[in-house]
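Below is one structure, written out as structure tokens, with a few remarks after it.
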Amino acid sequence: MNNGETLLNVRNLGINFAGLQALDDFNVQVAPEEIVGLIGPNGAGKTTVFNLLTNVYTPTKGSIDIEGNDTRGKSTHGVAQAGIARTFQNIRLFKNMTVIDNVKVALNNNLRCSMFETLLRLPTYWKEEREAEERALELLDVLNLRAHAYDLAGSLPYGAQRRLEIVRAIATNPKVLLLDEPAAGMNPSETAELMSNIRKIRDRFHVAIILIEHDMNLVMGVCERIIVLNYGLIIATGSPEEIRKNPTVIEAYLGQQRGE
Amino acid sequence: MKPTRLIDKTWFRYIINTIAVLLAFGLLVLLTGPTGEGGLLNKYMSQIFIPMGINIILAVSLNLTAGFLGQLPLGHAGFMSVGAYAAALFSIHTDFPKAISFPLSLIVGGIVAAIFGILIGLPALRLKGDYLAIITLGFGEIIRVIILNIPKITGGAYGLKGIPKDTTVISTFVCVVITLFLIHALIKSRHGRAIISIREDEIASEASGIPTTYYKVTTFSFSAFFAGIAGGLYAHFIGVLDPAEFGFMRSVEILVMVVLGGMGSIIGSVVAAGALTVLPEVLRGFSEYRMVVYSLLLIVVMVFKPSGLFGRYDFSLCGAASDIAKAIKKLTHRNKLGIHEEAGK
Ligand SMILES: Nc1ncnc2c1ncn2[C@@H]1O[C@H](COP(=O)(O)OP(=O)(O)O)[C@@H](O)[C@H]1O
Ligand SMILES: [Mg+2]
């Protein structure tokens with residue numbers, strides 16, 4: 001599985017929000033097709049990691065590279081083009097666009113038709129639009145969304161919206177897929193389906209996945225390696241077994257439960 | 001879903017739309033006569049189609065930025081004035097035959113306006129937030145002051161005179177059709193989807209790999225281009241350009257058309273621009289109260305239908321036909337159900 005190869009290399013990543021050190025000394029190496037879990041209490045800095053990886057935030061220190069390419073100074077869309085795609089903790093779909101158009105937006109980088117060809121409706125436009133339609137439908141099939149293809153994204157039930165976000169992220173043709181609490185708000189059967197879908201996506205699209213999730217069954221069931229964050233610092237990394245037994249982790253979670 | 005069906009339907013749609021455009025053209029010629037005279041309407045009434053067409057181009061092009069891209073510009077009249085002066089100066093200072101000079105002057109007006117669009121859009125649209133409204137508001141006023149202060153070129157407050165009156169109902173109609181076609185073609189493409197995705201959620205759009213600043217600036221300058229064309233038509237319609245015509249209120253007037261028709265609805269902009277051009281003519285005696293009527297209309301629409309008359313409705317003749325067919329089917333179906341229910345009681 002690992003071959004010692006590194007796809008995503010994050011070193012000493014840190015960010016400071018006006019005095020609040022939301023993340024510090026964050027290191028992770030992700031191998032191709034690896035599934036890594038990122039867990040920790042609320043406010044631990046998990047989403048911040050994703051925002052840093054996608055350059056939504058600019059780190060105050062540290063570096064990120066994917067396949068040896070430094071992403072510093074890149075825009076968010078530049079990072080997406082370099083192969084990092086994500087979903088959002090609070091769903092961010094293009095609500096007033098159809099389901100299939102949501103996916104086609106993410107296909108944009110693989111489409112080549114120039115403004116000129118588009119405006120004059122040259123044959124290349126028609127050919128590419130037809131291909132995009134087919135490709136988008138194929139992608140929707142992966143998570144059983146084809147039946148909704150021509151509905152507005154905002155009209156989908158909650159679980160389907162979460163699945164559409166994943167399909168949209170895959171459509172950018174990423175090497176690393178970042179999933180921010182994909183099971184939030186899902187019922188147990190939807191969560192079980194999600195677990196098999198995550199594996200399916202990894203196997204079919206050959207992506208590495210970093211998964212933020214509170215549902216421990218899902219995290220322990222699907223991740224090969226888990227990183228635990230607390231107050232912006234990594235407090236443990238290891239296999240699901242190791243994490244389950246780790247006293248620091250238990251303390252962090254129990255501490256939080258007592259606090260609440 | 002077989003791809004062949006997609007194509008067949010598209011061809012069908014193109015044929016229907018072409019027929020519709022030809023019919024509209026025929027009707028227009030019938031009403032105004034082939035040279036602007038000798039139609040069913042008198043010469044004075046025929047002329048209304050020119051400002052109507054100009055307003056349609058202005059409203060639809062503003063809608064591209066306001067409704068589809070989701071950014072609020074307040075200086076559309078500024079781009080119109082840039083186009084008007086550029087086109088007029090081109091016509092005045094060149095000696096091409098009319099058949100070449102006039103269309104060329106419109107294109108020059110459009111291109112100069114588009115360049116201004118890029119110059120204004122680049123700094124304004126790189127910033128997050130509603131800077132575009134403020135910067136375009138400033139631009140509209142500054143450009144007017146500049147025009148006033150270079151009288152050697154623009155005629156200043158006395159106006160730019162001697163512009164050939166080349167704009168006809170027919171040439172306006174051709175410009176409207178081309179504008180509608182190009183804006184529609186832009187919207188229904190990968191570029192259009194990128195533009196709409198920015199309106200929907202800018203962060204998600206970036207994260208999906210869309211270069212949002214590029215698309216914002218491109219869309220904005222596209223929109224300025226058509227405002228420039230409308231300005232060129234206006235210059236060659238009126239014959240004399242007065243900078244006072246392109247003030248803030250003119251920008252607001254165009255924005256009202258877009259909001260009334262529905263942000264993101266092309267047909268809405270067309271209908272609203274058409275209606276708001278005719279309305280002041282119909283209420284001739286009340287023309288001083290035009291802005292009052294506008295405000296009242298706006299308030300009524302905002303109270304009863306905040307998304308505008310057409311919302312985001314996207315009109316297509318084929319779509320309308322199949323909608324009507326569906327509605328009839330539903331109606332007859334419901335009747336049958338009604339009978340069954342009665343029988344069941
Ligand atoms: N843009 C921001 N400005 C200021 N503080 C922020 C910002 N984003 C996140 N934070 C803070 O960073 C900490 C970590 O947040 P986050 O990464 O969202 O946590 P979680 O692990 O629940 O996803 C929180 O204290 C949060 O308030
Ligand atoms: Mg979070």
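Quick note on naming: the chains in the structure tokens go A, B, ... in the order shown, residues restart at 1 in each chain, and ligands are numbered from 1 in order of appearance.
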
List every residue of stretch 67-135 of chain A that DSSP, applied to the backbone of this structure, places in helix (DSSP H, G or I), and write the result as a PyMOL selection string. chain A and resi 76-82+99-110+115-119+123-135

Produce a table with one row for each residue of chain A that has an atom at most 9 Å from any atom of ligand 2, each row naming the nearest atom pair and its distance in Å at one decimal; use only C-alpha atoms and all ligand atoms; arrange rows by chain and rising residue number; format as a tab-separated table.
```
residue	atom	partner	partner_atom_place_in_ligand_line	distance
A:Asn42	CA	ligand 2	1 (Mg)	6.8
A:Gly43	CA	ligand 2	1 (Mg)	6.8
A:Ala44	CA	ligand 2	1 (Mg)	8.1
A:Gly45	CA	ligand 2	1 (Mg)	7.0
A:Lys46	CA	ligand 2	1 (Mg)	5.5
A:Thr47	CA	ligand 2	1 (Mg)	4.1
A:Thr48	CA	ligand 2	1 (Mg)	7.3
A:Phe50	CA	ligand 2	1 (Mg)	9.0
A:Phe88	CA	ligand 2	1 (Mg)	8.7
A:Gln89	CA	ligand 2	1 (Mg)	6.1
A:Asn90	CA	ligand 2	1 (Mg)	8.8
A:Asp180	CA	ligand 2	1 (Mg)	6.9
A:Glu181	CA	ligand 2	1 (Mg)	7.5
A:Ile212	CA	ligand 2	1 (Mg)	7.8
A:Glu213	CA	ligand 2	1 (Mg)	8.9
```

Using only C-alpha atoms, find the residues of chain A whose closest atom to chain B is at most 9 Å away, then write them as a PyMOL selection string. chain A and resi 54+56+75-81+84-88+92-97+101-102+104-109+111+113-115+118-121+125-126+129-131+133-134+168-169+171-172

Leaving out B:Gln47 and any residue of its chain fewer than 3 positions from it, which residues lie within 12 Å of it when counting only C-alpha atoms, given as a ChimeraX atom specification? /B:28,31-33,35-37,39,41-44,50-54,167-170,172,237-238,277-278,281

For the selection you just gave me, I'd like the residues written to a file as an mmCIF file, in the first residue's frame, keeping N, CA, C and O atoms.
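The result, written out as part03.cif:
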```
data_model
loop_
_atom_site.group_PDB
_atom_site.id
_atom_site.type_symbol
_atom_site.label_atom_id
_atom_site.label_comp_id
_atom_site.auth_asym_id
_atom_site.auth_seq_id
_atom_site.Cartn_x
_atom_site.Cartn_y
_atom_site.Cartn_z
ATOM 1 N N LEU B 28 -41.662 43.954 -37.387
ATOM 2 C CA LEU B 28 -41.037 45.264 -37.195
ATOM 3 C C LEU B 28 -41.049 46.056 -38.496
ATOM 4 O O LEU B 28 -41.363 47.256 -38.510
ATOM 5 N N LEU B 31 -44.466 47.273 -39.209
ATOM 6 C CA LEU B 31 -44.870 48.396 -38.362
ATOM 7 C C LEU B 31 -44.161 49.691 -38.731
ATOM 8 O O LEU B 31 -44.766 50.758 -38.744
ATOM 9 N N THR B 32 -42.856 49.587 -39.010
ATOM 10 C CA THR B 32 -42.072 50.817 -39.167
ATOM 11 C C THR B 32 -41.703 51.110 -40.619
ATOM 12 O O THR B 32 -41.197 52.188 -40.904
ATOM 13 N N GLY B 33 -41.952 50.150 -41.495
ATOM 14 C CA GLY B 33 -41.548 50.340 -42.880
ATOM 15 C C GLY B 33 -40.087 50.013 -43.061
ATOM 16 O O GLY B 33 -39.299 50.116 -42.118
ATOM 17 N N THR B 35 -37.593 51.454 -44.403
ATOM 18 C CA THR B 35 -36.565 52.488 -44.204
ATOM 19 C C THR B 35 -36.894 53.368 -43.007
ATOM 20 O O THR B 35 -36.352 54.446 -42.835
ATOM 21 N N GLY B 36 -37.789 52.897 -42.160
ATOM 22 C CA GLY B 36 -38.198 53.719 -41.023
ATOM 23 C C GLY B 36 -39.384 54.601 -41.382
ATOM 24 O O GLY B 36 -39.870 55.375 -40.580
ATOM 25 N N GLU B 37 -39.880 54.432 -42.599
ATOM 26 C CA GLU B 37 -41.051 55.203 -43.020
ATOM 27 C C GLU B 37 -41.958 54.317 -43.860
ATOM 28 O O GLU B 37 -41.504 53.351 -44.473
ATOM 29 N N GLY B 39 -44.489 52.418 -42.851
ATOM 30 C CA GLY B 39 -45.077 51.264 -42.192
ATOM 31 C C GLY B 39 -46.430 51.630 -41.620
ATOM 32 O O GLY B 39 -46.984 52.695 -41.897
ATOM 33 N N LEU B 41 -47.069 52.222 -38.505
ATOM 34 C CA LEU B 41 -46.918 53.296 -37.522
ATOM 35 C C LEU B 41 -46.359 54.543 -38.200
ATOM 36 O O LEU B 41 -45.640 54.434 -39.205
ATOM 37 N N ASN B 42 -46.655 55.715 -37.639
ATOM 38 C CA ASN B 42 -46.068 56.912 -38.222
ATOM 39 C C ASN B 42 -44.602 57.034 -37.835
ATOM 40 O O ASN B 42 -44.106 56.277 -36.986
ATOM 41 N N LYS B 43 -43.905 57.963 -38.429
ATOM 42 C CA LYS B 43 -42.460 58.030 -38.260
ATOM 43 C C LYS B 43 -42.081 58.250 -36.792
ATOM 44 O O LYS B 43 -41.157 57.636 -36.268
ATOM 45 N N TYR B 44 -42.843 59.096 -36.123
ATOM 46 C CA TYR B 44 -42.545 59.401 -34.733
ATOM 47 C C TYR B 44 -42.665 58.155 -33.863
ATOM 48 O O TYR B 44 -41.787 57.851 -33.051
ATOM 49 N N ILE B 50 -36.050 52.353 -31.350
ATOM 50 C CA ILE B 50 -34.596 52.517 -31.208
ATOM 51 C C ILE B 50 -34.186 52.642 -29.727
ATOM 52 O O ILE B 50 -33.393 51.827 -29.255
ATOM 53 N N PRO B 51 -34.737 53.603 -28.970
ATOM 54 C CA PRO B 51 -34.384 53.630 -27.541
ATOM 55 C C PRO B 51 -34.768 52.338 -26.818
ATOM 56 O O PRO B 51 -34.090 51.918 -25.877
ATOM 57 N N MET B 52 -35.844 51.710 -27.301
ATOM 58 C CA MET B 52 -36.236 50.442 -26.691
ATOM 59 C C MET B 52 -35.128 49.410 -26.854
ATOM 60 O O MET B 52 -34.717 48.748 -25.898
ATOM 61 N N GLY B 53 -34.629 49.284 -28.071
ATOM 62 C CA GLY B 53 -33.557 48.333 -28.348
ATOM 63 C C GLY B 53 -32.301 48.672 -27.555
ATOM 64 O O GLY B 53 -31.636 47.788 -27.003
ATOM 65 N N ILE B 54 -31.998 49.967 -27.492
ATOM 66 C CA ILE B 54 -30.808 50.400 -26.739
ATOM 67 C C ILE B 54 -30.958 50.013 -25.273
ATOM 68 O O ILE B 54 -30.032 49.451 -24.661
ATOM 69 N N THR B 167 -28.218 55.380 -37.022
ATOM 70 C CA THR B 167 -28.953 54.314 -36.332
ATOM 71 C C THR B 167 -30.386 54.243 -36.851
ATOM 72 O O THR B 167 -31.093 55.243 -36.858
ATOM 73 N N THR B 168 -30.761 53.033 -37.273
ATOM 74 C CA THR B 168 -32.139 52.823 -37.725
ATOM 75 C C THR B 168 -32.793 51.760 -36.861
ATOM 76 O O THR B 168 -32.119 51.087 -36.067
ATOM 77 N N VAL B 169 -34.099 51.620 -37.024
ATOM 78 C CA VAL B 169 -34.808 50.566 -36.291
ATOM 79 C C VAL B 169 -34.211 49.202 -36.633
ATOM 80 O O VAL B 169 -33.971 48.376 -35.763
ATOM 81 N N ILE B 170 -33.923 49.010 -37.906
ATOM 82 C CA ILE B 170 -33.395 47.718 -38.343
ATOM 83 C C ILE B 170 -32.016 47.450 -37.740
ATOM 84 O O ILE B 170 -31.752 46.365 -37.210
ATOM 85 N N THR B 172 -30.746 48.679 -35.086
ATOM 86 C CA THR B 172 -30.913 48.442 -33.651
ATOM 87 C C THR B 172 -31.384 47.013 -33.401
ATOM 88 O O THR B 172 -30.867 46.314 -32.523
ATOM 89 N N PHE B 237 -28.078 57.797 -32.997
ATOM 90 C CA PHE B 237 -29.529 58.003 -33.024
ATOM 91 C C PHE B 237 -29.840 59.475 -32.734
ATOM 92 O O PHE B 237 -30.577 60.139 -33.461
ATOM 93 N N ILE B 238 -29.214 59.990 -31.673
ATOM 94 C CA ILE B 238 -29.472 61.345 -31.205
ATOM 95 C C ILE B 238 -28.729 62.391 -32.044
ATOM 96 O O ILE B 238 -29.230 63.471 -32.302
ATOM 97 N N THR B 277 -39.446 51.619 -21.462
ATOM 98 C CA THR B 277 -39.164 52.610 -22.500
ATOM 99 C C THR B 277 -40.477 53.199 -23.015
ATOM 100 O O THR B 277 -40.590 54.393 -23.264
ATOM 101 N N VAL B 278 -41.465 52.306 -23.137
ATOM 102 C CA VAL B 278 -42.752 52.749 -23.695
ATOM 103 C C VAL B 278 -43.552 53.542 -22.661
ATOM 104 O O VAL B 278 -44.196 54.540 -22.980
ATOM 105 N N GLU B 281 -43.573 57.247 -22.553
ATOM 106 C CA GLU B 281 -44.174 57.809 -23.766
ATOM 107 C C GLU B 281 -45.693 57.778 -23.654
ATOM 108 O O GLU B 281 -46.393 58.700 -24.062
#
```

Show me, as a PDB file with N, CA, C and O atoms, in the first residue's frame, the residues that have an atom within 10 Å of B:Arg250 when counting only C-alpha atoms, minus same-chain residues fewer than 4 positions from it.
```
ATOM      1  N   LEU B  74     -22.696  49.996 -10.411  1.00  0.00           N
ATOM      2  CA  LEU B  74     -23.586  51.159 -10.406  1.00  0.00           C
ATOM      3  C   LEU B  74     -23.172  52.199 -11.433  1.00  0.00           C
ATOM      4  O   LEU B  74     -23.549  53.352 -11.339  1.00  0.00           O
ATOM      5  N   GLY B  75     -22.373  51.784 -12.425  1.00  0.00           N
ATOM      6  CA  GLY B  75     -21.897  52.776 -13.386  1.00  0.00           C
ATOM      7  C   GLY B  75     -22.085  52.358 -14.826  1.00  0.00           C
ATOM      8  O   GLY B  75     -21.281  52.691 -15.695  1.00  0.00           O
ATOM      9  N   HIS B  76     -23.188  51.636 -15.093  1.00  0.00           N
ATOM     10  CA  HIS B  76     -23.363  51.133 -16.459  1.00  0.00           C
ATOM     11  C   HIS B  76     -23.451  52.275 -17.467  1.00  0.00           C
ATOM     12  O   HIS B  76     -22.955  52.155 -18.582  1.00  0.00           O
ATOM     13  N   ALA B  77     -24.076  53.384 -17.065  1.00  0.00           N
ATOM     14  CA  ALA B  77     -24.189  54.534 -17.965  1.00  0.00           C
ATOM     15  C   ALA B  77     -22.799  55.094 -18.286  1.00  0.00           C
ATOM     16  O   ALA B  77     -22.588  55.664 -19.356  1.00  0.00           O
ATOM     17  N   GLY B  78     -21.859  54.937 -17.377  1.00  0.00           N
ATOM     18  CA  GLY B  78     -20.483  55.373 -17.617  1.00  0.00           C
ATOM     19  C   GLY B  78     -19.880  54.631 -18.802  1.00  0.00           C
ATOM     20  O   GLY B  78     -19.274  55.234 -19.689  1.00  0.00           O
ATOM     21  N   MET B  80     -21.589  53.147 -21.099  1.00  0.00           N
ATOM     22  CA  MET B  80     -22.379  53.556 -22.254  1.00  0.00           C
ATOM     23  C   MET B  80     -21.808  54.856 -22.831  1.00  0.00           C
ATOM     24  O   MET B  80     -21.646  54.992 -24.052  1.00  0.00           O
ATOM     25  N   GLY B 140     -18.474  56.167 -12.952  1.00  0.00           N
ATOM     26  CA  GLY B 140     -19.528  56.821 -13.729  1.00  0.00           C
ATOM     27  C   GLY B 140     -19.459  58.331 -13.613  1.00  0.00           C
ATOM     28  O   GLY B 140     -19.621  59.054 -14.604  1.00  0.00           O
ATOM     29  N   ALA B 244     -24.370  65.133 -19.613  1.00  0.00           N
ATOM     30  CA  ALA B 244     -25.383  65.084 -18.556  1.00  0.00           C
ATOM     31  C   ALA B 244     -26.339  63.908 -18.730  1.00  0.00           C
ATOM     32  O   ALA B 244     -26.983  63.461 -17.781  1.00  0.00           O
ATOM     33  N   GLU B 245     -26.407  63.388 -19.978  1.00  0.00           N
ATOM     34  CA  GLU B 245     -27.300  62.247 -20.241  1.00  0.00           C
ATOM     35  C   GLU B 245     -26.837  60.964 -19.553  1.00  0.00           C
ATOM     36  O   GLU B 245     -27.596  60.016 -19.423  1.00  0.00           O
ATOM     37  N   PHE B 246     -25.555  60.924 -19.169  1.00  0.00           N
ATOM     38  CA  PHE B 246     -24.989  59.663 -18.685  1.00  0.00           C
ATOM     39  C   PHE B 246     -24.692  59.692 -17.193  1.00  0.00           C
ATOM     40  O   PHE B 246     -23.725  59.109 -16.729  1.00  0.00           O
ATOM     41  N   ILE B 254     -31.239  51.816 -15.582  1.00  0.00           N
ATOM     42  CA  ILE B 254     -30.949  50.505 -16.178  1.00  0.00           C
ATOM     43  C   ILE B 254     -31.049  49.419 -15.116  1.00  0.00           C
ATOM     44  O   ILE B 254     -31.596  48.339 -15.348  1.00  0.00           O
ATOM     45  N   LEU B 255     -30.535  49.748 -13.933  1.00  0.00           N
ATOM     46  CA  LEU B 255     -30.577  48.768 -12.851  1.00  0.00           C
ATOM     47  C   LEU B 255     -32.020  48.438 -12.474  1.00  0.00           C
ATOM     48  O   LEU B 255     -32.357  47.280 -12.201  1.00  0.00           O
ATOM     49  N   VAL B 256     -32.879  49.467 -12.483  1.00  0.00           N
ATOM     50  CA  VAL B 256     -34.291  49.235 -12.162  1.00  0.00           C
ATOM     51  C   VAL B 256     -34.905  48.252 -13.166  1.00  0.00           C
ATOM     52  O   VAL B 256     -35.645  47.348 -12.793  1.00  0.00           O
TER      53      VAL B 256
END
```

Point out the residue among A:Ala147, A:Ile201, A:Ala136, A:Leu179 with the least atom-to-atom distance to ligand 1, counting only C-alpha atoms and all ligand atoms. A:Leu179

I'd like the neighbourhood of A:Ile234 as a PDB file with all heavy atoms, in the first residue's frame, where a residue qualifies if any of its atoms comes within 8 Å (using only C-alpha atoms), though same-chain residues fewer than 4 positions away should be ignored.
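The resulting around-v7.pdb:
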```pdb
ATOM      1  N   ASP A  25       2.737  23.432  14.339  1.00  0.00           N
ATOM      2  CA  ASP A  25       3.566  22.246  14.122  1.00  0.00           C
ATOM      3  C   ASP A  25       2.805  21.057  13.559  1.00  0.00           C
ATOM      4  O   ASP A  25       2.960  19.935  14.028  1.00  0.00           O
ATOM      5  CB  ASP A  25       4.235  21.824  15.446  1.00  0.00           C
ATOM      6  CG  ASP A  25       5.338  22.794  15.825  1.00  0.00           C
ATOM      7  OD1 ASP A  25       5.973  23.335  14.895  1.00  0.00           O
ATOM      8  OD2 ASP A  25       5.539  23.015  17.032  1.00  0.00           O
ATOM      9  N   PHE A  26       2.002  21.312  12.574  1.00  0.00           N
ATOM     10  CA  PHE A  26       1.223  20.218  12.003  1.00  0.00           C
ATOM     11  C   PHE A  26       2.021  19.558  10.887  1.00  0.00           C
ATOM     12  O   PHE A  26       2.375  20.171   9.887  1.00  0.00           O
ATOM     13  CB  PHE A  26      -0.110  20.758  11.466  1.00  0.00           C
ATOM     14  CG  PHE A  26      -1.035  19.688  10.968  1.00  0.00           C
ATOM     15  CD1 PHE A  26      -1.879  19.012  11.845  1.00  0.00           C
ATOM     16  CD2 PHE A  26      -1.072  19.347   9.619  1.00  0.00           C
ATOM     17  CE1 PHE A  26      -2.741  18.026  11.385  1.00  0.00           C
ATOM     18  CE2 PHE A  26      -1.929  18.352   9.157  1.00  0.00           C
ATOM     19  CZ  PHE A  26      -2.765  17.692  10.051  1.00  0.00           C
ATOM     20  N   ILE A 227      -5.049  10.843  12.832  1.00  0.00           N
ATOM     21  CA  ILE A 227      -4.327  11.920  13.496  1.00  0.00           C
ATOM     22  C   ILE A 227      -5.303  12.578  14.451  1.00  0.00           C
ATOM     23  O   ILE A 227      -6.437  12.875  14.075  1.00  0.00           O
ATOM     24  CB  ILE A 227      -3.841  12.966  12.469  1.00  0.00           C
ATOM     25  CG1 ILE A 227      -2.886  12.303  11.458  1.00  0.00           C
ATOM     26  CG2 ILE A 227      -3.162  14.137  13.162  1.00  0.00           C
ATOM     27  CD1 ILE A 227      -2.572  13.193  10.278  1.00  0.00           C
ATOM     28  N   VAL A 228      -4.865  12.778  15.697  1.00  0.00           N
ATOM     29  CA  VAL A 228      -5.755  13.419  16.664  1.00  0.00           C
ATOM     30  C   VAL A 228      -5.238  14.811  17.000  1.00  0.00           C
ATOM     31  O   VAL A 228      -4.079  14.994  17.352  1.00  0.00           O
ATOM     32  CB  VAL A 228      -5.846  12.596  17.972  1.00  0.00           C
ATOM     33  CG1 VAL A 228      -6.959  13.150  18.861  1.00  0.00           C
ATOM     34  CG2 VAL A 228      -6.096  11.136  17.663  1.00  0.00           C
ATOM     35  N   LEU A 229      -6.122  15.789  16.847  1.00  0.00           N
ATOM     36  CA  LEU A 229      -5.781  17.179  17.139  1.00  0.00           C
ATOM     37  C   LEU A 229      -6.482  17.613  18.418  1.00  0.00           C
ATOM     38  O   LEU A 229      -7.612  17.214  18.684  1.00  0.00           O
ATOM     39  CB  LEU A 229      -6.282  18.093  16.020  1.00  0.00           C
ATOM     40  CG  LEU A 229      -5.428  18.397  14.799  1.00  0.00           C
ATOM     41  CD1 LEU A 229      -6.194  19.373  13.917  1.00  0.00           C
ATOM     42  CD2 LEU A 229      -4.082  18.988  15.191  1.00  0.00           C
ATOM     43  N   ASN A 230      -5.810  18.445  19.191  1.00  0.00           N
ATOM     44  CA  ASN A 230      -6.467  19.088  20.324  1.00  0.00           C
ATOM     45  C   ASN A 230      -5.820  20.451  20.516  1.00  0.00           C
ATOM     46  O   ASN A 230      -4.590  20.553  20.537  1.00  0.00           O
ATOM     47  CB  ASN A 230      -6.337  18.235  21.586  1.00  0.00           C
ATOM     48  CG  ASN A 230      -7.360  18.641  22.627  1.00  0.00           C
ATOM     49  OD1 ASN A 230      -8.320  19.350  22.325  1.00  0.00           O
ATOM     50  ND2 ASN A 230      -7.146  18.193  23.850  1.00  0.00           N
TER      51      ASN A 230
END
```

Using atom CA of A:Ile235 and atom CA of A:His214 as the two end points, give the distance in Å to one decimal. 16.5 Å

Report the distance between atom CA of A:Ala153 and atom CA of A:Val103 in Å, rounded to one decimal place.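 Atom-to-atom, atom CA of A:Ala153 to atom CA of A:Val103, that is 10.3 Å.
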
Can you pull out every residue within 7 Å of stretch 11-24 of chain A, counting only C-alpha atoms, but drop anything in the same chain fewer than 6 positions away, and send it as a list in words? Gly45, Pro59, Thr60, Lys61, Gly62, Ser63, Ile64, Tyr231, Gly232 and Leu233 of chain A

Quick check, in Å to one decimal: how far apart do atom CA of B:Glu253 and atom CA of B:Ile153 lie?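 According to the coordinates, atom CA of B:Glu253 and atom CA of B:Ile153 are separated by 27.7 Å.
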
With a distance cut-off of 8 Å and only C-alpha atoms, select the neighbouring residues of B:Ser61, excluding the residue or stretch itself and same-chain residues fewer than 3 positions from it, and output the selection as a list in words.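 That gives Ile57, Leu58, Leu64, Thr65, Ile183, Phe222, Ser223, Ala224, Phe226 and Ala227 of chain B.
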
Which of these residues is nearest to A:Gly221, using only C-alpha atoms: A:Ile35, A:Leu152, A:Pro123, A:Lys74? A:Ile35

Based on DSSP run over this structure's backbone, return all residues of stretch 39-90 of chain A in strand (DSSP E or B), as a PyMOL selection string. chain A and resi 39+61-66+69-70+84-86
